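Below: final16.txt (compact mmCIF, N, CA and C atoms)
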```txt
# COMPACT_ATOMS: atom_id res chain seq x y z
N MET A 1 121.65 -29.85 -9.61
CA MET A 1 122.49 -29.59 -8.48
C MET A 1 123.21 -28.27 -8.73
N SER A 2 123.10 -27.30 -7.83
CA SER A 2 123.76 -26.02 -8.05
C SER A 2 125.15 -26.04 -7.41
N ASP A 3 126.04 -25.27 -8.00
CA ASP A 3 127.41 -25.19 -7.53
C ASP A 3 127.49 -24.10 -6.47
N PRO A 4 127.85 -24.41 -5.22
CA PRO A 4 127.88 -23.40 -4.17
C PRO A 4 129.01 -22.37 -4.37
N PHE A 5 130.01 -22.70 -5.18
CA PHE A 5 131.13 -21.80 -5.38
C PHE A 5 130.94 -20.87 -6.56
N ARG A 6 129.89 -21.07 -7.35
CA ARG A 6 129.64 -20.25 -8.51
C ARG A 6 128.82 -19.05 -8.09
N GLU A 7 129.13 -17.95 -8.65
CA GLU A 7 128.42 -16.72 -8.32
C GLU A 7 127.05 -16.72 -8.95
N PRO A 8 126.04 -16.20 -8.21
CA PRO A 8 124.70 -16.15 -8.79
C PRO A 8 124.69 -15.28 -10.04
N GLY A 9 123.98 -15.76 -11.06
CA GLY A 9 123.85 -14.99 -12.29
C GLY A 9 124.94 -15.28 -13.29
N SER A 10 126.01 -15.96 -12.91
CA SER A 10 127.07 -16.25 -13.86
C SER A 10 126.70 -17.47 -14.68
N THR A 11 127.29 -17.57 -15.87
CA THR A 11 126.99 -18.70 -16.75
C THR A 11 127.66 -19.95 -16.20
N PRO A 12 127.01 -21.08 -16.33
CA PRO A 12 127.61 -22.32 -15.82
C PRO A 12 128.86 -22.66 -16.63
N PRO A 13 129.81 -23.34 -16.01
CA PRO A 13 131.05 -23.69 -16.72
C PRO A 13 130.79 -24.72 -17.79
N ALA A 14 131.66 -24.76 -18.78
CA ALA A 14 131.58 -25.75 -19.85
C ALA A 14 131.81 -27.13 -19.26
N PRO A 15 131.28 -28.17 -19.89
CA PRO A 15 131.45 -29.52 -19.33
C PRO A 15 132.91 -29.91 -19.12
N GLU A 16 133.78 -29.49 -20.06
CA GLU A 16 135.20 -29.84 -19.92
C GLU A 16 135.79 -29.16 -18.70
N GLU A 17 135.43 -27.89 -18.49
CA GLU A 17 135.94 -27.14 -17.35
C GLU A 17 135.42 -27.73 -16.04
N LYS A 18 134.15 -28.10 -16.04
CA LYS A 18 133.56 -28.68 -14.84
C LYS A 18 134.22 -30.01 -14.51
N ALA A 19 134.49 -30.83 -15.55
CA ALA A 19 135.14 -32.12 -15.33
C ALA A 19 136.55 -31.93 -14.80
N ALA A 20 137.22 -30.90 -15.27
CA ALA A 20 138.60 -30.67 -14.84
C ALA A 20 138.67 -30.14 -13.42
N THR A 21 137.66 -29.40 -12.97
CA THR A 21 137.73 -28.77 -11.65
C THR A 21 136.96 -29.53 -10.58
N THR A 22 136.17 -30.51 -10.96
CA THR A 22 135.38 -31.26 -9.98
C THR A 22 136.09 -32.56 -9.65
N SER A 23 136.06 -32.92 -8.35
CA SER A 23 136.73 -34.15 -7.93
C SER A 23 135.95 -35.36 -8.41
N LEU A 24 136.64 -36.49 -8.49
CA LEU A 24 136.01 -37.73 -8.93
C LEU A 24 134.90 -38.13 -7.96
N GLY A 25 135.12 -37.92 -6.68
CA GLY A 25 134.10 -38.24 -5.68
C GLY A 25 132.84 -37.44 -5.88
N ASP A 26 133.00 -36.12 -6.19
CA ASP A 26 131.82 -35.28 -6.43
C ASP A 26 131.09 -35.72 -7.70
N LEU A 27 131.85 -36.08 -8.74
CA LEU A 27 131.23 -36.57 -9.97
C LEU A 27 130.46 -37.86 -9.73
N LEU A 28 131.08 -38.79 -8.98
CA LEU A 28 130.41 -40.06 -8.68
C LEU A 28 129.17 -39.84 -7.81
N THR A 29 129.25 -38.88 -6.88
CA THR A 29 128.10 -38.56 -6.05
C THR A 29 126.96 -38.04 -6.90
N GLY A 30 127.28 -37.18 -7.85
CA GLY A 30 126.26 -36.64 -8.74
C GLY A 30 125.63 -37.71 -9.60
N VAL A 31 126.47 -38.58 -10.17
CA VAL A 31 125.97 -39.66 -11.02
C VAL A 31 125.12 -40.62 -10.18
N THR A 32 125.57 -40.96 -8.99
CA THR A 32 124.82 -41.86 -8.12
C THR A 32 123.47 -41.25 -7.76
N GLY A 33 123.46 -39.97 -7.46
CA GLY A 33 122.20 -39.29 -7.14
C GLY A 33 121.25 -39.28 -8.32
N ASP A 34 121.80 -39.02 -9.52
CA ASP A 34 120.96 -39.02 -10.72
C ASP A 34 120.39 -40.41 -11.01
N ILE A 35 121.21 -41.44 -10.85
CA ILE A 35 120.75 -42.80 -11.08
C ILE A 35 119.68 -43.17 -10.06
N SER A 36 119.90 -42.78 -8.81
CA SER A 36 118.93 -43.06 -7.76
C SER A 36 117.59 -42.37 -8.06
N THR A 37 117.65 -41.12 -8.48
CA THR A 37 116.43 -40.39 -8.83
C THR A 37 115.73 -41.05 -10.01
N LEU A 38 116.49 -41.41 -11.03
CA LEU A 38 115.92 -42.08 -12.19
C LEU A 38 115.26 -43.40 -11.80
N PHE A 39 115.93 -44.17 -10.95
CA PHE A 39 115.39 -45.44 -10.50
C PHE A 39 114.08 -45.24 -9.74
N ARG A 40 114.04 -44.27 -8.83
CA ARG A 40 112.81 -43.98 -8.07
C ARG A 40 111.67 -43.58 -9.00
N GLN A 41 111.99 -42.75 -10.00
CA GLN A 41 110.96 -42.32 -10.95
C GLN A 41 110.44 -43.49 -11.76
N GLU A 42 111.32 -44.39 -12.17
CA GLU A 42 110.90 -45.56 -12.93
C GLU A 42 110.02 -46.47 -12.08
N VAL A 43 110.38 -46.62 -10.80
CA VAL A 43 109.57 -47.45 -9.91
C VAL A 43 108.18 -46.84 -9.74
N GLU A 44 108.11 -45.53 -9.58
CA GLU A 44 106.81 -44.86 -9.45
C GLU A 44 105.98 -45.01 -10.73
N LEU A 45 106.63 -44.90 -11.88
CA LEU A 45 105.93 -45.08 -13.15
C LEU A 45 105.39 -46.51 -13.26
N ALA A 46 106.22 -47.48 -12.88
CA ALA A 46 105.79 -48.88 -12.93
C ALA A 46 104.60 -49.11 -12.00
N LYS A 47 104.65 -48.51 -10.80
CA LYS A 47 103.53 -48.66 -9.86
C LYS A 47 102.25 -48.10 -10.46
N ALA A 48 102.35 -46.93 -11.06
CA ALA A 48 101.16 -46.29 -11.65
C ALA A 48 100.60 -47.14 -12.79
N GLU A 49 101.48 -47.65 -13.64
CA GLU A 49 101.04 -48.47 -14.76
C GLU A 49 100.42 -49.77 -14.28
N LEU A 50 101.04 -50.41 -13.27
CA LEU A 50 100.51 -51.67 -12.77
C LEU A 50 99.17 -51.46 -12.06
N THR A 51 99.03 -50.35 -11.36
CA THR A 51 97.75 -50.06 -10.71
C THR A 51 96.65 -49.91 -11.74
N GLU A 52 96.94 -49.18 -12.79
CA GLU A 52 95.95 -49.00 -13.87
C GLU A 52 95.62 -50.34 -14.53
N SER A 53 96.65 -51.14 -14.79
CA SER A 53 96.43 -52.45 -15.41
C SER A 53 95.62 -53.36 -14.50
N ALA A 54 95.89 -53.32 -13.19
CA ALA A 54 95.15 -54.16 -12.25
C ALA A 54 93.68 -53.76 -12.19
N LYS A 55 93.41 -52.45 -12.25
CA LYS A 55 92.02 -52.00 -12.26
C LYS A 55 91.29 -52.51 -13.50
N LYS A 56 91.96 -52.41 -14.65
CA LYS A 56 91.34 -52.88 -15.89
C LYS A 56 91.15 -54.40 -15.86
N ALA A 57 92.14 -55.11 -15.30
CA ALA A 57 92.02 -56.56 -15.21
C ALA A 57 90.86 -56.94 -14.29
N GLY A 58 90.69 -56.21 -13.20
CA GLY A 58 89.57 -56.47 -12.29
C GLY A 58 88.23 -56.26 -12.96
N LYS A 59 88.13 -55.18 -13.73
CA LYS A 59 86.88 -54.93 -14.46
C LYS A 59 86.63 -56.04 -15.48
N GLY A 60 87.68 -56.43 -16.18
CA GLY A 60 87.54 -57.49 -17.18
C GLY A 60 87.13 -58.81 -16.54
N ALA A 61 87.73 -59.14 -15.40
CA ALA A 61 87.38 -60.37 -14.70
C ALA A 61 85.93 -60.32 -14.24
N GLY A 62 85.50 -59.17 -13.77
CA GLY A 62 84.09 -59.02 -13.38
C GLY A 62 83.15 -59.23 -14.55
N MET A 63 83.55 -58.70 -15.71
CA MET A 63 82.73 -58.88 -16.91
C MET A 63 82.68 -60.36 -17.31
N PHE A 64 83.81 -61.06 -17.23
CA PHE A 64 83.83 -62.49 -17.53
C PHE A 64 82.95 -63.26 -16.55
N GLY A 65 83.00 -62.89 -15.27
CA GLY A 65 82.16 -63.54 -14.28
C GLY A 65 80.69 -63.34 -14.59
N GLY A 66 80.32 -62.11 -14.94
CA GLY A 66 78.94 -61.82 -15.31
C GLY A 66 78.52 -62.59 -16.55
N ALA A 67 79.43 -62.68 -17.52
CA ALA A 67 79.12 -63.43 -18.74
C ALA A 67 78.93 -64.91 -18.43
N GLY A 68 79.77 -65.45 -17.56
CA GLY A 68 79.63 -66.86 -17.19
C GLY A 68 78.32 -67.15 -16.48
N LEU A 69 77.95 -66.26 -15.55
CA LEU A 69 76.68 -66.43 -14.85
C LEU A 69 75.50 -66.34 -15.80
N THR A 70 75.56 -65.37 -16.70
CA THR A 70 74.48 -65.21 -17.68
C THR A 70 74.40 -66.43 -18.60
N ALA A 71 75.54 -66.97 -19.01
CA ALA A 71 75.56 -68.17 -19.85
C ALA A 71 74.97 -69.36 -19.10
N LEU A 72 75.24 -69.43 -17.80
CA LEU A 72 74.67 -70.51 -17.00
C LEU A 72 73.14 -70.43 -16.98
N PHE A 73 72.61 -69.22 -16.79
CA PHE A 73 71.16 -69.05 -16.83
C PHE A 73 70.60 -69.39 -18.22
N ALA A 74 71.30 -68.99 -19.26
CA ALA A 74 70.84 -69.30 -20.62
C ALA A 74 70.80 -70.81 -20.82
N LEU A 75 71.84 -71.52 -20.35
CA LEU A 75 71.87 -72.97 -20.47
C LEU A 75 70.72 -73.60 -19.68
N LEU A 76 70.44 -73.05 -18.50
CA LEU A 76 69.34 -73.55 -17.69
C LEU A 76 68.00 -73.43 -18.44
N PHE A 77 67.76 -72.25 -19.02
CA PHE A 77 66.50 -72.03 -19.70
C PHE A 77 66.40 -72.81 -21.02
N VAL A 78 67.51 -72.97 -21.72
CA VAL A 78 67.50 -73.80 -22.93
C VAL A 78 67.20 -75.25 -22.53
N SER A 79 67.79 -75.70 -21.42
CA SER A 79 67.52 -77.06 -20.94
C SER A 79 66.05 -77.23 -20.57
N LEU A 80 65.49 -76.26 -19.89
CA LEU A 80 64.07 -76.33 -19.53
C LEU A 80 63.19 -76.33 -20.78
N ALA A 81 63.55 -75.51 -21.77
CA ALA A 81 62.78 -75.48 -23.01
C ALA A 81 62.85 -76.82 -23.73
N ALA A 82 64.05 -77.43 -23.76
CA ALA A 82 64.19 -78.74 -24.39
C ALA A 82 63.37 -79.78 -23.64
N MET A 83 63.41 -79.70 -22.31
CA MET A 83 62.65 -80.64 -21.50
C MET A 83 61.14 -80.50 -21.77
N TRP A 84 60.66 -79.26 -21.79
CA TRP A 84 59.22 -79.04 -22.05
C TRP A 84 58.85 -79.44 -23.47
N GLY A 85 59.75 -79.13 -24.41
CA GLY A 85 59.47 -79.50 -25.81
C GLY A 85 59.38 -81.00 -25.98
N LEU A 86 60.35 -81.74 -25.40
CA LEU A 86 60.28 -83.20 -25.46
C LEU A 86 59.10 -83.72 -24.65
N GLY A 87 58.77 -83.00 -23.61
CA GLY A 87 57.64 -83.40 -22.76
C GLY A 87 56.33 -83.43 -23.52
N GLU A 88 56.19 -82.58 -24.51
CA GLU A 88 54.97 -82.58 -25.36
C GLU A 88 54.88 -83.87 -26.16
N LEU A 89 56.04 -84.48 -26.49
CA LEU A 89 56.05 -85.68 -27.33
C LEU A 89 56.01 -86.97 -26.49
N ILE A 90 56.83 -87.01 -25.42
CA ILE A 90 56.98 -88.28 -24.69
C ILE A 90 56.63 -88.18 -23.21
N GLY A 91 56.22 -87.07 -22.76
CA GLY A 91 55.90 -86.91 -21.34
C GLY A 91 57.02 -86.18 -20.62
N LEU A 92 56.65 -85.40 -19.62
CA LEU A 92 57.60 -84.54 -18.91
C LEU A 92 58.63 -85.34 -18.12
N GLY A 93 58.24 -86.45 -17.55
CA GLY A 93 59.17 -87.27 -16.77
C GLY A 93 60.29 -87.84 -17.62
N TRP A 94 59.90 -88.40 -18.78
CA TRP A 94 60.90 -88.97 -19.68
C TRP A 94 61.80 -87.89 -20.30
N SER A 95 61.22 -86.77 -20.64
CA SER A 95 62.03 -85.70 -21.23
C SER A 95 63.03 -85.16 -20.22
N SER A 96 62.64 -85.07 -18.95
CA SER A 96 63.58 -84.64 -17.91
C SER A 96 64.73 -85.63 -17.79
N LEU A 97 64.41 -86.91 -17.84
CA LEU A 97 65.43 -87.95 -17.75
C LEU A 97 66.39 -87.88 -18.94
N ILE A 98 65.87 -87.65 -20.14
CA ILE A 98 66.71 -87.57 -21.34
C ILE A 98 67.68 -86.38 -21.23
N VAL A 99 67.17 -85.22 -20.82
CA VAL A 99 68.04 -84.03 -20.67
C VAL A 99 69.10 -84.30 -19.62
N ALA A 100 68.73 -84.93 -18.50
CA ALA A 100 69.70 -85.24 -17.44
C ALA A 100 70.77 -86.20 -17.93
N VAL A 101 70.38 -87.22 -18.72
CA VAL A 101 71.35 -88.18 -19.25
C VAL A 101 72.31 -87.50 -20.22
N VAL A 102 71.80 -86.59 -21.05
CA VAL A 102 72.68 -85.86 -21.98
C VAL A 102 73.73 -85.08 -21.17
N TYR A 103 73.29 -84.39 -20.11
CA TYR A 103 74.26 -83.64 -19.28
C TYR A 103 75.22 -84.59 -18.57
N ALA A 104 74.78 -85.74 -18.14
CA ALA A 104 75.66 -86.72 -17.49
C ALA A 104 76.72 -87.21 -18.46
N ILE A 105 76.34 -87.43 -19.70
CA ILE A 105 77.31 -87.88 -20.72
C ILE A 105 78.34 -86.77 -20.98
N VAL A 106 77.88 -85.53 -21.13
CA VAL A 106 78.81 -84.40 -21.34
C VAL A 106 79.76 -84.29 -20.15
N ALA A 107 79.23 -84.41 -18.93
CA ALA A 107 80.06 -84.32 -17.73
C ALA A 107 81.09 -85.44 -17.69
N LEU A 108 80.70 -86.65 -18.05
CA LEU A 108 81.62 -87.79 -18.05
C LEU A 108 82.74 -87.58 -19.07
N VAL A 109 82.41 -87.11 -20.27
CA VAL A 109 83.42 -86.87 -21.31
C VAL A 109 84.40 -85.79 -20.83
N LEU A 110 83.88 -84.71 -20.26
CA LEU A 110 84.76 -83.65 -19.75
C LEU A 110 85.65 -84.16 -18.62
N PHE A 111 85.09 -84.97 -17.73
CA PHE A 111 85.87 -85.54 -16.62
C PHE A 111 87.01 -86.41 -17.13
N LEU A 112 86.69 -87.31 -18.07
CA LEU A 112 87.71 -88.21 -18.61
C LEU A 112 88.82 -87.45 -19.33
N ARG A 113 88.45 -86.43 -20.11
CA ARG A 113 89.47 -85.64 -20.81
C ARG A 113 90.32 -84.85 -19.81
N GLY A 114 89.68 -84.30 -18.78
CA GLY A 114 90.43 -83.57 -17.77
C GLY A 114 91.40 -84.46 -17.01
N ARG A 115 90.94 -85.67 -16.66
CA ARG A 115 91.82 -86.61 -15.96
C ARG A 115 93.01 -87.00 -16.83
N LYS A 116 92.75 -87.20 -18.12
CA LYS A 116 93.83 -87.56 -19.06
C LYS A 116 94.86 -86.42 -19.13
N GLU A 117 94.38 -85.18 -19.18
CA GLU A 117 95.29 -84.02 -19.22
C GLU A 117 96.13 -83.95 -17.95
N LEU A 118 95.50 -84.17 -16.79
CA LEU A 118 96.24 -84.10 -15.53
C LEU A 118 97.27 -85.21 -15.41
N LYS A 119 96.95 -86.39 -15.93
CA LYS A 119 97.91 -87.49 -15.88
C LYS A 119 99.11 -87.23 -16.79
N SER A 120 98.93 -86.40 -17.81
CA SER A 120 100.02 -86.14 -18.75
C SER A 120 101.00 -85.09 -18.23
N ILE A 121 100.70 -84.48 -17.09
CA ILE A 121 101.60 -83.45 -16.55
C ILE A 121 102.87 -84.11 -16.04
N LYS A 122 103.98 -83.62 -16.49
CA LYS A 122 105.27 -84.19 -16.11
C LYS A 122 106.02 -83.31 -15.10
N GLY A 123 105.48 -82.16 -14.77
CA GLY A 123 106.20 -81.25 -13.87
C GLY A 123 107.25 -80.48 -14.64
N ALA A 124 108.46 -80.48 -14.12
CA ALA A 124 109.57 -79.77 -14.76
C ALA A 124 110.72 -80.74 -15.00
N PRO A 125 110.57 -81.68 -15.95
CA PRO A 125 111.60 -82.71 -16.12
C PRO A 125 112.95 -82.16 -16.54
N LYS A 126 112.98 -81.12 -17.35
CA LYS A 126 114.27 -80.56 -17.78
C LYS A 126 115.00 -79.93 -16.61
N THR A 127 114.25 -79.24 -15.74
CA THR A 127 114.87 -78.62 -14.57
C THR A 127 115.41 -79.68 -13.63
N VAL A 128 114.63 -80.72 -13.38
CA VAL A 128 115.07 -81.81 -12.51
C VAL A 128 116.32 -82.46 -13.08
N ASP A 129 116.33 -82.69 -14.39
CA ASP A 129 117.48 -83.30 -15.03
C ASP A 129 118.72 -82.43 -14.91
N SER A 130 118.56 -81.13 -15.12
CA SER A 130 119.73 -80.25 -15.02
C SER A 130 120.21 -80.12 -13.59
N LEU A 131 119.30 -80.18 -12.62
CA LEU A 131 119.72 -80.12 -11.22
C LEU A 131 120.49 -81.37 -10.81
N LYS A 132 120.14 -82.50 -11.40
CA LYS A 132 120.86 -83.74 -11.10
C LYS A 132 122.30 -83.68 -11.60
N LYS A 133 122.54 -82.85 -12.61
CA LYS A 133 123.87 -82.77 -13.21
C LYS A 133 124.80 -81.81 -12.47
N ILE A 134 124.28 -81.05 -11.52
CA ILE A 134 125.12 -80.12 -10.76
C ILE A 134 126.04 -80.94 -9.86
N PRO A 135 127.33 -80.64 -9.87
CA PRO A 135 128.26 -81.41 -9.03
C PRO A 135 127.94 -81.22 -7.54
N GLU A 136 128.27 -82.23 -6.75
CA GLU A 136 127.98 -82.18 -5.33
C GLU A 136 128.71 -81.03 -4.64
N THR A 137 129.82 -80.59 -5.19
CA THR A 137 130.57 -79.50 -4.55
C THR A 137 129.82 -78.19 -4.58
N VAL A 138 128.87 -78.04 -5.48
CA VAL A 138 128.13 -76.80 -5.60
C VAL A 138 126.85 -76.84 -4.78
N THR A 139 126.30 -78.01 -4.55
CA THR A 139 125.03 -78.13 -3.84
C THR A 139 125.24 -77.90 -2.35
N PRO A 140 124.21 -77.42 -1.64
CA PRO A 140 124.33 -77.21 -0.19
C PRO A 140 124.67 -78.51 0.52
N GLY A 141 125.58 -78.44 1.45
CA GLY A 141 125.98 -79.63 2.20
C GLY A 141 127.07 -80.43 1.50
N GLY A 142 127.42 -80.02 0.28
CA GLY A 142 128.49 -80.72 -0.45
C GLY A 142 129.85 -80.27 0.04
N THR A 143 130.88 -80.99 -0.30
CA THR A 143 132.22 -80.63 0.11
C THR A 143 132.86 -79.75 -0.95
N ALA A 144 133.65 -78.80 -0.49
CA ALA A 144 134.29 -77.88 -1.42
C ALA A 144 135.66 -78.34 -1.78
```

Rewrite the structure of this file - the entire thing - as structure tokens.
Amino acid sequence: MSDPFREPGSTPPAPEEKAATTSLGDLLTGVTGDISTLFRQEVELAKAELTESAKKAGKGAGMFGGAGLTALFALLFVSLAAMWGLGELIGLGWSSLIVAVVYAIVALVLFLRGRKELKSIKGAPKTVDSLKKIPETVTPGGTA
């Protein structure tokens, strides 16, 4: 911020002199402007960083999706190979049934474990407990 009362080319006043000759309102205006500028710059920096992070996260998620799809195909072909391999010993129909039963058992185990995990969810018991302890005078609709 340039001083309109200072002559061009002259050296700026010392901080003590400037503080003594500048009104409190002008000092507060300067500080407020500097804080506002700093805040805007920080917000812009945060936006730039978050944009870059979001792009990298998107690429990473795409890579995970591709890896999952590729793993699914690998599992499919390993299953087919196991089915054909068993088919050489016991027949293709029975080997298909055995592979299907193995997958059904794995699916059942995963289902039961998942259901157990979901049943163990308690929500936010500490928050609910602390909210119950708030006096009625503070809660909406309470008397003051």

ask   = Among chain A, which ones does DSSP place in alpha helix (DSSP H), written as a ChimeraX atom specification?
value = /A:15-21,24-90,92-119,125-132

query = In Å to one decimal, how far is CA of Ala71 in chain A from CA of Leu92 in chain A?
reply =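 CA of Ala71 in chain A lies 24.3 Å from CA of Leu92 in chain A.
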
For range 112-125 of chain A, what centre and edge lengths in Å (one decimal) does the axis-aligned box get once 5 Å is added on each side of all its listed atoms, as AutoDock Vina command-line options?
```
--center_x 99.8 --center_y -84.0 --center_z -17.3 --size_x 36.3 --size_y 18.4 --size_z 16.9
```

Atomic distance atom N of Leu72 in chain A - CA of Val106 in chain A, expressed in Å with one decimal =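 Those two atoms sit 15.8 Å apart.
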
request  = Grab the atom N of Thr37 in chain A to CA of Gly25 in chain A distance for me, in Å with one decimal place.
outcome  =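 If I compute the distance from atom N of Thr37 in chain A to CA of Gly25 in chain A, I get 16.9 Å.
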